[in-house]
Structures are given as structure tokens and as C-alpha cells.
Amino acid sequence: MSNEEIINGLNYLDNLKELDSKSSKLNLKAATQSDLLSQSTNYLAELGQYKRAIDTNYESVEAMNTSIQSIHSTLSQSIQQNTQFTHQVSHIKDSISTTQSKLKSVEKFISIFTLPQEQQQIISSKDYIVNYPLLDALTQLNKIRDNAQLLLTPSGDPSVAALDILHSSSLLYESAYGKIFRYLKHQFDIKYAKSLVVDVEPLHVDSLSHLSQRNDLYLETLLHLTKLRRHLLQSHFLTALSQFENNQDIITDPIKYSAELLAWLHQHAADEKELLKDLLQSKPIEEALSSSLQDVSSRIRPKLQLTHALNFTQRSSQLTELISFYQNTLTQSIPVACISDLFTNL
């Protein structure tokens, strides 16, 4: 019931003319006022509770505001920390990228200056087999050593890295060339020392080509080869010479005898030249060829001198022409020292 309704009710009671008793009016008014007072009291109590609720809510709002400010502060710190963390991650990422780049450079450096394990085993094996895998491994090893030479300073002072690479590869280097050296000497002993006509194998050619990078071993190998060929040619020449002397009399037919000697020399010198050209390819053969023919030419010279000394007839001019012909032919086709010496002052 609203206050306005209560007041209207009181006014209504005051105006009642039907009520006989004034006390009844007063009692009713008192009861109404008491009810109004009770309702007002209840209203005030509820209002107090509402105020206390508002105060409590205000405190809660204050607490929430404090919490929000704390959360905001924490969030700001988190954002700042996250920014710092992002910078650190970016720095770490850059460091990782730099490290990976350096690692790739190191791996490339190692690949340039390290012989693959398989090729190391081929060279360092205890057997003396020489084949193309060994030559390929040696080629790669020489590239590594050549690259190490590039590490030298402009003044020529070796760097520590260059010395380490050259030192660590020296054992394999010597082992590979030692194998090729022994292999070629063995091949020369069993093939080139027994037959004047030899089918030159590509592996022999390539092995000699590799060995030429070690000049000392290369020259020693050629010396061994020319010694074998010199003895073989001399043996065949002595056999042929005995046949010439059985068939031809140096005194009665010196021209034919001399022609047989010089024709034999011409043929075998040409064959020996072709053999050395096939074996040595583009490398000089003159010294090796002269060494191979040395014994034969030194044995032919006194024979030709003897034919001159014993020939007092008109045929001496024919002998001179014959010797002159072979001199021109041989010195042009076989331009080596022993051939020139053969015809000097003959």
C-alpha cells in the first residue's frame, strides 16, 4: 500500500458520519498509523540493507578495479617481456643462421680438403693393385694438395692449415705413387723386357702420366724401362748380326752387309719410337729413345767403320752413298743423340 492510499484512507475515516463512536475512529486511526509506522520501519530497514549492499558492491567494484589495474600492470609487464623475448628470439635466429652459414663453409672447406674415406682405403690398402679407382683417388688427392698450396700467403709463408693438410696427406701421397712406381716396374719386367712388339695398355699410359708428377720416380721408371729395352734390342741385334755374318761376308759384299745392318736399325728404331710415343703420349721421348738404342748403335758403328776400312774397290763410293742415305733418313726420322753419334765422322 502506498503512502498516498494510506493518507486517503485516513481522510476517509475522518469524514465518516456513520461511525458512532469517536474511540473507534481513534482506534482505527491508531491502527492505521501503527501499520504505516511498521511499513516505514520496514522500508527504512530495507533501505539500510540496500545501502549496505551498495557499500559492499562498491567495495567489490573497488577490489575489481584494483584487480584490473594489477592485471593491466601484469599484462604491460608481460607485453614488455614478450617484446624482449621476441628480440632475443630474433637475435638467436640470426645467430643460428650465422652459425649454419659458418657450418656450411666449414663443411665445404672439409669437403675440399678431405679425401673420401673410400678413396683413402683404396690408397692405404696393403695390396699393390693399380687400377683406375686408385688413379682417380690420386687425382682427387692431388687436387686437395694443390688447393692447400693456395692457402699460402702472398709472401710464400705457409699457413698452419696448409701445413696440416699437406702433412696429413703426405702418407697417402707417397703410398699412391709408391704403388704406381712398383706396378710399372713389374709390368715392364714381365711385358716390355721380353718382346720387341708390345700392345701398350691404357692403364700403363695413365699410370705413367700420373707418375710424371713425381719427377724423381718418373725418371727412375723410364730409366728402368730403357735399360730393359736396351738389353732386349741388343739381344735381338746380336741374333740378327750372327745371321747377317753367316749369310753375308763383310769383306766380299760390304755394301749388302752394311745395308742389312742399317735397315735393321731403321726398322727397329722406328718401332721403338712408336712404342715410346704410345706409352709416353705427349711427353718427350728423345732421351728415352736414345738410351734404348744406345747399345745397338754403338755396336753398328764399328761394323760400318770396318766395311770402310776393308773396302778399297770402286764400290767404296756406293757404300758411302748407302751410309749417307741412311744417315739422312735416320737423323730426320729418329733425331736422337745416339743416331747422330753413329754417323759422326764415319
# chains A, B, ... in the order shown; residues from 1 in each chain; ligands from 1
>>> residues_around(residues="Trp264 of chain A", least_positions_apart="4", cutoff="10 Å", atoms="only C-alpha atoms", output="number ranges by chain")
A: 237, 240-241, 258-260, 268-270
>>> write_last_selection(atoms="N, CA and C atoms", output="PDB file, in the first residue's frame")
ATOM      1  N   PHE A 237     119.541 -57.767 -81.706  1.00  0.00           N
ATOM      2  CA  PHE A 237     120.505 -57.334 -82.714  1.00  0.00           C
ATOM      3  C   PHE A 237     121.641 -58.346 -82.856  1.00  0.00           C
ATOM      4  N   ALA A 240     120.398 -61.171 -84.844  1.00  0.00           N
ATOM      5  CA  ALA A 240     120.318 -60.795 -86.260  1.00  0.00           C
ATOM      6  C   ALA A 240     121.708 -60.657 -86.863  1.00  0.00           C
ATOM      7  N   LEU A 241     122.657 -60.136 -86.089  1.00  0.00           N
ATOM      8  CA  LEU A 241     124.014 -59.938 -86.585  1.00  0.00           C
ATOM      9  C   LEU A 241     124.682 -61.267 -86.931  1.00  0.00           C
ATOM     10  N   SER A 258     126.326 -53.868 -94.951  1.00  0.00           N
ATOM     11  CA  SER A 258     126.005 -52.585 -94.313  1.00  0.00           C
ATOM     12  C   SER A 258     124.529 -52.254 -94.472  1.00  0.00           C
ATOM     13  N   ALA A 259     123.980 -52.571 -95.648  1.00  0.00           N
ATOM     14  CA  ALA A 259     122.562 -52.295 -95.881  1.00  0.00           C
ATOM     15  C   ALA A 259     121.685 -53.097 -94.921  1.00  0.00           C
ATOM     16  N   GLU A 260     122.072 -54.355 -94.674  1.00  0.00           N
ATOM     17  CA  GLU A 260     121.309 -55.184 -93.744  1.00  0.00           C
ATOM     18  C   GLU A 260     121.357 -54.595 -92.329  1.00  0.00           C
ATOM     19  N   HIS A 268     113.833 -51.166 -86.454  1.00  0.00           N
ATOM     20  CA  HIS A 268     113.630 -51.329 -85.015  1.00  0.00           C
ATOM     21  C   HIS A 268     113.648 -49.988 -84.279  1.00  0.00           C
ATOM     22  N   ALA A 269     114.402 -49.030 -84.796  1.00  0.00           N
ATOM     23  CA  ALA A 269     114.381 -47.696 -84.192  1.00  0.00           C
ATOM     24  C   ALA A 269     113.010 -47.050 -84.387  1.00  0.00           C
ATOM     25  N   ALA A 270     112.431 -47.234 -85.582  1.00  0.00           N
ATOM     26  CA  ALA A 270     111.095 -46.692 -85.843  1.00  0.00           C
ATOM     27  C   ALA A 270     110.049 -47.368 -84.955  1.00  0.00           C
TER      28      ALA A 270
END
>>> residues_around(residues="Ala137 of chain A", least_positions_apart="4", cutoff="8 Å", atoms="only C-alpha atoms", output="list in words")
Leu115, Gln119, Gln120, Ile122, Ile123, Pro133 and Leu141 of chain A
>>> residues_around(residues="segment 330-332 of chain A", least_positions_apart="4", cutoff="9 Å", atoms="only C-alpha atoms", output="list in words")
Leu265, His266, Ala269, Ala270, Phe325, Tyr326, Val336, Ile339 and Ser340 of chain A
>>> write_last_selection(atoms="N, CA and C atoms", output="JSON list (two decimals), in the first residue's frame")
[["chain", "number", "residue", "atom", "x", "y", "z"],
["A", 265, "LEU", "N", 118.44, -51.49, -88.15],
["A", 265, "LEU", "CA", 118.41, -50.37, -87.20],
["A", 265, "LEU", "C", 117.24, -49.44, -87.51],
["A", 266, "HIS", "N", 117.05, -49.15, -88.79],
["A", 266, "HIS", "CA", 115.97, -48.24, -89.18],
["A", 266, "HIS", "C", 114.61, -48.79, -88.76],
["A", 269, "ALA", "N", 114.40, -49.03, -84.80],
["A", 269, "ALA", "CA", 114.38, -47.70, -84.19],
["A", 269, "ALA", "C", 113.01, -47.05, -84.39],
["A", 270, "ALA", "N", 112.43, -47.23, -85.58],
["A", 270, "ALA", "CA", 111.09, -46.69, -85.84],
["A", 270, "ALA", "C", 110.05, -47.37, -84.95],
["A", 325, "PHE", "N", 122.63, -42.10, -97.29],
["A", 325, "PHE", "CA", 121.17, -42.21, -97.40],
["A", 325, "PHE", "C", 120.55, -42.53, -96.03],
["A", 326, "TYR", "N", 121.10, -43.53, -95.37],
["A", 326, "TYR", "CA", 120.54, -43.91, -94.06],
["A", 326, "TYR", "C", 120.81, -42.84, -93.00],
["A", 336, "VAL", "N", 117.79, -38.40, -82.46],
["A", 336, "VAL", "CA", 118.28, -38.58, -81.09],
["A", 336, "VAL", "C", 119.80, -38.62, -81.12],
["A", 339, "ILE", "N", 121.91, -41.74, -82.60],
["A", 339, "ILE", "CA", 121.89, -41.85, -84.06],
["A", 339, "ILE", "C", 122.85, -40.84, -84.68],
["A", 340, "SER", "N", 122.84, -39.62, -84.14],
["A", 340, "SER", "CA", 123.79, -38.61, -84.64],
["A", 340, "SER", "C", 125.23, -39.06, -84.40]]
>>> residues_around(residues="Gln140 of chain A", least_positions_apart="3", cutoff="10 Å", atoms="only C-alpha atoms", output="list in words")
Ile112, Phe113, Thr114, Leu115, Pro116, Gln119, Leu134, Leu135, Asp136, Ala137, Lys143, Ile144, Arg145 and Asp146 of chain A
>>> write_last_selection(atoms="C-alpha atoms", output="PDB file, in the first residue's frame")
ATOM      1  CA  ILE A 112      87.594 -29.568 -50.423  1.00  0.00           C
ATOM      2  CA  PHE A 113      90.496 -30.636 -48.229  1.00  0.00           C
ATOM      3  CA  THR A 114      89.427 -34.142 -47.178  1.00  0.00           C
ATOM      4  CA  LEU A 115      89.744 -37.290 -49.277  1.00  0.00           C
ATOM      5  CA  PRO A 116      86.625 -39.506 -49.071  1.00  0.00           C
ATOM      6  CA  GLN A 119      89.378 -43.447 -51.621  1.00  0.00           C
ATOM      7  CA  LEU A 134      93.384 -45.791 -57.438  1.00  0.00           C
ATOM      8  CA  LEU A 135      94.301 -43.268 -60.150  1.00  0.00           C
ATOM      9  CA  ASP A 136      91.036 -41.391 -59.518  1.00  0.00           C
ATOM     10  CA  ALA A 137      91.783 -41.303 -55.793  1.00  0.00           C
ATOM     11  CA  LYS A 143      93.593 -31.560 -56.103  1.00  0.00           C
ATOM     12  CA  ILE A 144      93.449 -31.363 -52.313  1.00  0.00           C
ATOM     13  CA  ARG A 145      97.177 -30.718 -52.089  1.00  0.00           C
ATOM     14  CA  ASP A 146      97.018 -28.145 -54.900  1.00  0.00           C
TER      15      ASP A 146
END
>>> closest_residue(among="A:Leu233, A:Ala193, A:Ala162, A:Ala53", to="Arg299 of chain A", atoms="only C-alpha atoms")
A:Leu233
>>> select_by_dssp(residues="segment 119-213 of chain A", states="alpha helix (DSSP H)", output="number ranges by chain")
A: 119-124, 132-149, 160-187, 202-211
>>> write_last_selection(atoms="C-alpha atoms", output="short mmCIF file (atom, residue, chain, number, x, y, z; two decimals), in the first residue's frame")
data_model
loop_
_atom_site.label_atom_id
_atom_site.label_comp_id
_atom_site.auth_asym_id
_atom_site.auth_seq_id
_atom_site.Cartn_x
_atom_site.Cartn_y
_atom_site.Cartn_z
CA GLN A 119 89.38 -43.45 -51.62
CA GLN A 120 91.60 -43.33 -48.54
CA GLN A 121 91.10 -47.08 -48.13
CA ILE A 122 91.94 -47.71 -51.79
CA ILE A 123 95.26 -45.89 -51.45
CA SER A 124 96.19 -47.17 -48.00
CA TYR A 132 91.53 -46.65 -62.29
CA PRO A 133 89.87 -46.23 -58.86
CA LEU A 134 93.38 -45.79 -57.44
CA LEU A 135 94.30 -43.27 -60.15
CA ASP A 136 91.04 -41.39 -59.52
CA ALA A 137 91.78 -41.30 -55.79
CA LEU A 138 95.27 -39.96 -56.52
CA THR A 139 93.82 -37.30 -58.82
CA GLN A 140 91.50 -36.17 -56.02
CA LEU A 141 94.36 -36.22 -53.52
CA ASN A 142 96.48 -34.02 -55.81
CA LYS A 143 93.59 -31.56 -56.10
CA ILE A 144 93.45 -31.36 -52.31
CA ARG A 145 97.18 -30.72 -52.09
CA ASP A 146 97.02 -28.15 -54.90
CA ASN A 147 94.20 -26.35 -53.07
CA ALA A 148 96.29 -26.40 -49.91
CA GLN A 149 99.01 -24.57 -51.81
CA VAL A 160 99.12 -23.59 -40.33
CA ALA A 161 96.13 -25.04 -42.21
CA ALA A 162 98.19 -25.58 -45.36
CA LEU A 163 100.95 -27.33 -43.42
CA ASP A 164 98.44 -29.54 -41.60
CA ILE A 165 96.72 -30.55 -44.84
CA LEU A 166 99.98 -31.27 -46.65
CA HIS A 167 101.36 -33.17 -43.67
CA SER A 168 98.22 -35.26 -43.10
CA SER A 169 98.01 -36.20 -46.79
CA SER A 170 101.71 -36.91 -47.30
CA LEU A 171 101.49 -40.56 -46.25
CA LEU A 172 98.67 -41.29 -48.71
CA TYR A 173 100.51 -39.26 -51.35
CA GLU A 174 103.71 -41.30 -51.02
CA SER A 175 101.79 -44.58 -50.77
CA ALA A 176 99.88 -43.96 -54.01
CA TYR A 177 102.96 -43.02 -56.02
CA GLY A 178 104.90 -45.90 -54.49
CA LYS A 179 102.23 -48.34 -55.68
CA ILE A 180 102.27 -46.93 -59.21
CA PHE A 181 106.08 -46.98 -59.29
CA ARG A 182 106.28 -50.64 -58.24
CA TYR A 183 103.40 -51.61 -60.53
CA LEU A 184 105.00 -50.08 -63.63
CA LYS A 185 108.40 -51.62 -62.94
CA HIS A 186 106.75 -55.01 -62.56
CA GLN A 187 104.73 -54.55 -65.76
CA PRO A 202 95.82 -47.62 -71.46
CA LEU A 203 96.39 -48.25 -67.75
CA HIS A 204 100.16 -48.17 -68.34
CA VAL A 205 99.83 -44.86 -70.17
CA ASP A 206 97.65 -43.28 -67.48
CA SER A 207 99.82 -44.63 -64.68
CA LEU A 208 102.92 -43.09 -66.26
CA SER A 209 101.06 -39.83 -66.75
CA HIS A 210 100.24 -39.72 -63.03
CA LEU A 211 103.75 -40.74 -62.08
#
>>> residues_around(residues="segment 223-231 of chain A", least_positions_apart="3", cutoff="10 Å", atoms="only C-alpha atoms", output="VMD selection string")
chain A and resid 184 to 185 187 to 189 192 to 196 217 to 220 234 to 237 272 276 287 to 296
>>> atom_distance(atom1="atom CA of Asp278 of chain A", atom2="atom CA of Val197 of chain A")
12.1 Å
>>> closest_residue(among="A:Ser298, A:Ser34, A:Gln305, A:Ser282", to="Pro254 of chain A", atoms="only C-alpha atoms")
A:Gln305
>>> decode(residues="segment 265-297 of chain A", atoms="N, CA and C atoms", output="short mmCIF file (atom, residue, chain, number, x, y, z; two decimals), in the first residue's frame")
data_model
loop_
_atom_site.label_atom_id
_atom_site.label_comp_id
_atom_site.auth_asym_id
_atom_site.auth_seq_id
_atom_site.Cartn_x
_atom_site.Cartn_y
_atom_site.Cartn_z
N LEU A 265 118.44 -51.49 -88.15
CA LEU A 265 118.41 -50.37 -87.20
C LEU A 265 117.24 -49.44 -87.51
N HIS A 266 117.05 -49.15 -88.79
CA HIS A 266 115.97 -48.24 -89.18
C HIS A 266 114.61 -48.79 -88.76
N GLN A 267 114.38 -50.06 -89.02
CA GLN A 267 113.10 -50.68 -88.71
C GLN A 267 112.85 -50.70 -87.20
N HIS A 268 113.83 -51.17 -86.45
CA HIS A 268 113.63 -51.33 -85.02
C HIS A 268 113.65 -49.99 -84.28
N ALA A 269 114.40 -49.03 -84.80
CA ALA A 269 114.38 -47.70 -84.19
C ALA A 269 113.01 -47.05 -84.39
N ALA A 270 112.43 -47.23 -85.58
CA ALA A 270 111.09 -46.69 -85.84
C ALA A 270 110.05 -47.37 -84.95
N ASP A 271 110.16 -48.69 -84.81
CA ASP A 271 109.21 -49.41 -83.95
C ASP A 271 109.34 -48.96 -82.49
N GLU A 272 110.59 -48.78 -82.07
CA GLU A 272 110.81 -48.36 -80.67
C GLU A 272 110.28 -46.94 -80.45
N LYS A 273 110.43 -46.11 -81.45
CA LYS A 273 109.91 -44.74 -81.35
C LYS A 273 108.39 -44.76 -81.20
N GLU A 274 107.70 -45.56 -81.99
CA GLU A 274 106.25 -45.65 -81.91
C GLU A 274 105.80 -46.21 -80.56
N LEU A 275 106.56 -47.20 -80.07
CA LEU A 275 106.22 -47.77 -78.77
C LEU A 275 106.31 -46.71 -77.67
N LEU A 276 107.38 -45.94 -77.66
CA LEU A 276 107.55 -44.91 -76.63
C LEU A 276 106.54 -43.78 -76.80
N LYS A 277 106.20 -43.45 -78.03
CA LYS A 277 105.19 -42.42 -78.26
C LYS A 277 103.83 -42.87 -77.72
N ASP A 278 103.50 -44.14 -77.96
CA ASP A 278 102.23 -44.66 -77.45
C ASP A 278 102.22 -44.70 -75.92
N LEU A 279 103.37 -44.99 -75.35
CA LEU A 279 103.45 -45.14 -73.90
C LEU A 279 103.52 -43.80 -73.18
N LEU A 280 104.32 -42.87 -73.73
CA LEU A 280 104.54 -41.59 -73.05
C LEU A 280 103.62 -40.49 -73.56
N GLN A 281 102.87 -40.78 -74.63
CA GLN A 281 101.93 -39.82 -75.19
C GLN A 281 102.63 -38.52 -75.58
N SER A 282 102.25 -37.41 -74.99
CA SER A 282 102.78 -36.11 -75.42
C SER A 282 104.10 -35.73 -74.76
N LYS A 283 104.60 -36.58 -73.89
CA LYS A 283 105.84 -36.26 -73.19
C LYS A 283 107.04 -36.54 -74.08
N PRO A 284 108.16 -35.86 -73.85
CA PRO A 284 109.35 -36.05 -74.69
C PRO A 284 109.85 -37.50 -74.63
N ILE A 285 110.24 -38.01 -75.79
CA ILE A 285 110.71 -39.40 -75.85
C ILE A 285 112.17 -39.49 -76.30
N GLU A 286 112.77 -38.36 -76.71
CA GLU A 286 114.09 -38.41 -77.34
C GLU A 286 115.14 -39.03 -76.42
N GLU A 287 115.16 -38.62 -75.18
CA GLU A 287 116.19 -39.14 -74.27
C GLU A 287 115.99 -40.63 -74.02
N ALA A 288 114.74 -41.04 -73.79
CA ALA A 288 114.47 -42.46 -73.56
C ALA A 288 114.77 -43.29 -74.80
N LEU A 289 114.42 -42.77 -75.97
CA LEU A 289 114.68 -43.49 -77.22
C LEU A 289 116.17 -43.63 -77.47
N SER A 290 116.92 -42.57 -77.23
CA SER A 290 118.37 -42.62 -77.42
C SER A 290 119.00 -43.64 -76.48
N SER A 291 118.49 -43.69 -75.24
CA SER A 291 119.02 -44.66 -74.28
C SER A 291 118.72 -46.09 -74.71
N SER A 292 117.52 -46.32 -75.25
CA SER A 292 117.15 -47.66 -75.69
C SER A 292 118.00 -48.13 -76.87
N LEU A 293 118.36 -47.21 -77.76
CA LEU A 293 119.10 -47.56 -78.98
C LEU A 293 120.62 -47.46 -78.80
N GLN A 294 121.06 -47.04 -77.64
CA GLN A 294 122.48 -46.74 -77.44
C GLN A 294 123.38 -47.94 -77.72
N ASP A 295 123.07 -49.09 -77.13
CA ASP A 295 123.94 -50.26 -77.28
C ASP A 295 123.97 -50.75 -78.72
N VAL A 296 122.82 -50.74 -79.38
CA VAL A 296 122.77 -51.22 -80.76
C VAL A 296 123.58 -50.30 -81.67
N SER A 297 123.36 -48.99 -81.53
CA SER A 297 124.08 -48.05 -82.41
C SER A 297 125.59 -48.10 -82.15
#
